[in-house]
Amino acid sequence: MAIQARSRRALHWIAFVVLLVAAIGTQTVINGAFERFTPIQEVQWVRSPGLMRRLVLGFNSVAADIYWIRAVQYYGSTKIAKAENKDYGFLFPLLDITTTLDPRFNIAYRFGAILLSEDYPNGPGRPDEAIALLEKGIRESPDKWEYYHDAGFVEYWWRRDARAAADWFLRGSKLPAAPNWLQPLAASVLAEGGDQLAARVLWTQMAQAAEQEWMRQTARTRLQQLDAEAVVGQLQPIVNSFYDKANRFPIGWDEMIRAGLVRGVPLDPTGIPYTLDPVSGAVDVAKDSSLYPLRRGL
């Protein structure tokens with residue numbers, strides 16, 4: 001029995017060492033690829049599933065975790081970069097590798113789709129890649145209604161395509177485990193089109209039901225953006241009324257306050273003052289606000 005116990009402990013240590021070496025080796029390869037290869041060469045190199053599986057020595061889940069961390073770090077560092085032209089070109093390949101190594105990596109599909117859809121400069125603005133990633137998840141897990149929901153979400157929020165969004169919601173509602181609110185949501189989206197109410201229902205559901213805090217926080221931010229959009233919609237006619245009387249736009253909020261049109265400097269939901277362009281009269285959230293930019297086409 002003692003010999004068997006020692007043998008098991010030895011096997012455990014061997015497995016641990018192999019796992020550690022594989023993780024270090026994979027990270028080294030990743031770092032080397034980012035430093036030595038041009039973007040096109042890198043994408044071609046890392047997107048070979050057979051090569052990646054051989055490199056990770058069977059520890060697919062560990063390698064998938066590493067690539068997921070790399071994807072999140074890459075997105076975050078690019079988002080906060082001060083460069084004028086931000087390049088998110090590696091984000092989709094990194095997410096593609098992650099989900100190739102671990103086809104059931106739920107958060108990589110769901111949160112990755114949000115990252116890909118984010119409008120520039122906060123993201124690549126690629127809802128098409130977000131849909132492609134979610135479709136990949138559906139091929140691996142066809143009974144996962146959440147992927148249909150998220151695809152509809154991308155279509156509705158970022159592409160402004162209510163019909164496509166409703167189609168995704170309806171397809172998802174037919175799955176055995178789908179919640180009973182998914183089918184009525186499709187009807188609501190079609191009826192309301194671009195109305196804020198439907199968007200608020202979507203993000204509220206996400207904030208309450210999301211599995212990860214990242215997704216819940218994203219949903220809360222989106223709800224704050226909806227609040228900001230509503231306030232901008234209220235402030236803009238007031239600013240326009242100043243122009244009607246003075247034949248020019250106000251220099252700033254102080255002039256609006258003196259004119260009795262607003263009681264104080266209006267603040268967005270994060271506590272940062274809205275901007276007022278004295279040339280165009282446009283009201284918007286400030287660029288240093290976490291809510292910037294608001295949705296296009298407002």
# chains A, B, ... in the order shown; residues from 1 in each chain; ligands from 1
$ select_by_dssp --residues "region 136-206 of chain A" --states "alpha helix (DSSP H)" --output "PyMOL selection string"
chain A and resi 136-140+145-157+162-173+182-192+196-206
$ select_by_dssp --residues "region 53-287 of chain A" --states "strand (DSSP E)" --output "ChimeraX atom specification"
/A:275-276,283-284
$ write_last_selection --atoms "N, CA and C atoms" --output "mmCIF file, in the first residue's frame"
data_model
loop_
_atom_site.group_PDB
_atom_site.id
_atom_site.type_symbol
_atom_site.label_atom_id
_atom_site.label_comp_id
_atom_site.auth_asym_id
_atom_site.auth_seq_id
_atom_site.Cartn_x
_atom_site.Cartn_y
_atom_site.Cartn_z
ATOM 1 N N THR A 275 -21.350 67.910 -22.186
ATOM 2 C CA THR A 275 -20.695 68.949 -22.970
ATOM 3 C C THR A 275 -21.730 69.692 -23.805
ATOM 4 N N LEU A 276 -21.423 70.963 -24.080
ATOM 5 C CA LEU A 276 -22.287 71.800 -24.912
ATOM 6 C C LEU A 276 -21.398 72.520 -25.912
ATOM 7 N N VAL A 283 -25.394 68.661 -27.663
ATOM 8 C CA VAL A 283 -25.215 68.197 -26.286
ATOM 9 C C VAL A 283 -24.764 66.744 -26.337
ATOM 10 N N ASP A 284 -23.773 66.413 -25.516
ATOM 11 C CA ASP A 284 -23.238 65.051 -25.539
ATOM 12 C C ASP A 284 -22.598 64.751 -24.196
#
$ closest_atom_pairs --of "region 138-248 of chain A" --to "region 98-101 of chain A" --cutoff "12 Å" --atoms "only C-alpha atoms" --output "tab-separated table"
residue	atom	partner	partner_atom	distance
A:Ile138	CA	A:Thr99	CA	11.7
A:Arg139	CA	A:Thr99	CA	11.6
A:Glu140	CA	A:Thr99	CA	9.6
A:Ser141	CA	A:Thr99	CA	11.8
$ residues_around --residues "Thr204 (chain A)" --least-positions-apart "2" --cutoff "8 Å" --atoms "only C-alpha atoms" --output "list in words"
Arg200, Val201, Leu202, Met206, Ala207, Gln208, Ala219, Arg220 and Leu223 of chain A
$ residues_around --residues "Trp157 (chain A)" --least-positions-apart "4" --cutoff "9 Å" --atoms "only C-alpha atoms" --output "ChimeraX atom specification"
/A:152-153,161-162,165,194,199,295
$ write_last_selection --atoms "N, CA and C atoms" --output "mmCIF file, in the first residue's frame"
data_model
loop_
_atom_site.group_PDB
_atom_site.id
_atom_site.type_symbol
_atom_site.label_atom_id
_atom_site.label_comp_id
_atom_site.auth_asym_id
_atom_site.auth_seq_id
_atom_site.Cartn_x
_atom_site.Cartn_y
_atom_site.Cartn_z
ATOM 1 N N GLY A 152 -29.140 38.180 -31.101
ATOM 2 C CA GLY A 152 -30.214 39.147 -31.263
ATOM 3 C C GLY A 152 -29.870 40.480 -30.626
ATOM 4 N N PHE A 153 -29.178 40.395 -29.504
ATOM 5 C CA PHE A 153 -28.734 41.583 -28.792
ATOM 6 C C PHE A 153 -27.807 42.419 -29.669
ATOM 7 N N ASP A 161 -30.887 46.548 -36.215
ATOM 8 C CA ASP A 161 -31.713 45.742 -37.108
ATOM 9 C C ASP A 161 -32.726 44.972 -36.269
ATOM 10 N N ALA A 162 -33.887 45.571 -36.057
ATOM 11 C CA ALA A 162 -34.906 44.975 -35.202
ATOM 12 C C ALA A 162 -35.419 43.649 -35.755
ATOM 13 N N ALA A 165 -32.878 40.948 -35.146
ATOM 14 C CA ALA A 165 -32.859 40.651 -33.712
ATOM 15 C C ALA A 165 -34.048 39.772 -33.331
ATOM 16 N N GLY A 194 -36.523 50.956 -32.758
ATOM 17 C CA GLY A 194 -35.374 51.491 -32.045
ATOM 18 C C GLY A 194 -35.715 52.149 -30.729
ATOM 19 N N ALA A 199 -34.641 48.333 -25.556
ATOM 20 C CA ALA A 199 -33.226 48.239 -25.211
ATOM 21 C C ALA A 199 -33.050 48.144 -23.697
ATOM 22 N N ARG A 295 -24.530 55.848 -28.400
ATOM 23 C CA ARG A 295 -24.771 55.141 -29.649
ATOM 24 C C ARG A 295 -24.781 56.097 -30.831
#
$ closest_residue --among "A:Pro237, A:Pro250, A:Gly112, A:Pro293" --to "Val279 (chain A)" --atoms "only C-alpha atoms"
A:Pro250
$ residues_around --residues "His149 (chain A)" --least-positions-apart "4" --cutoff "8 Å" --atoms "only C-alpha atoms" --output "VMD selection string"
chain A and resid 145 153 168 to 169 172 182
$ residues_around --residues "Arg163 (chain A)" --least-positions-apart "4" --cutoff "9 Å" --atoms "only C-alpha atoms" --output "list in words"
Glu155, Tyr156, Asp167, Trp168, Ala186, Val189, Leu190 and Gly193 of chain A
$ write_last_selection --atoms "C-alpha atoms" --output "tab-separated table (two decimals), in the first residue's frame"
chain	number	residue	atom	x	y	z
A	155	GLU	CA	-28.31	42.92	-34.05
A	156	TYR	CA	-30.59	45.16	-32.03
A	167	ASP	CA	-35.47	36.41	-35.74
A	168	TRP	CA	-32.67	35.39	-33.36
A	186	ALA	CA	-39.12	39.29	-30.20
A	189	VAL	CA	-38.51	44.49	-30.51
A	190	LEU	CA	-40.44	44.37	-33.78
A	193	GLY	CA	-38.10	49.20	-33.39
$ closest_residue --among "A:Arg70, A:Lys79, A:Lys136, A:Lys287" --to "Arg110 (chain A)" --atoms "only C-alpha atoms"
A:Lys136
$ residues_around --residues "Asp102 (chain A)" --least-positions-apart "5" --cutoff "8 Å" --atoms "only C-alpha atoms" --output "ChimeraX atom specification"
/A:60-61,64
$ atom_distance --atom1 "CA of Asp268 (chain A)" --atom2 "CA of Asp227 (chain A)"
8.2 Å
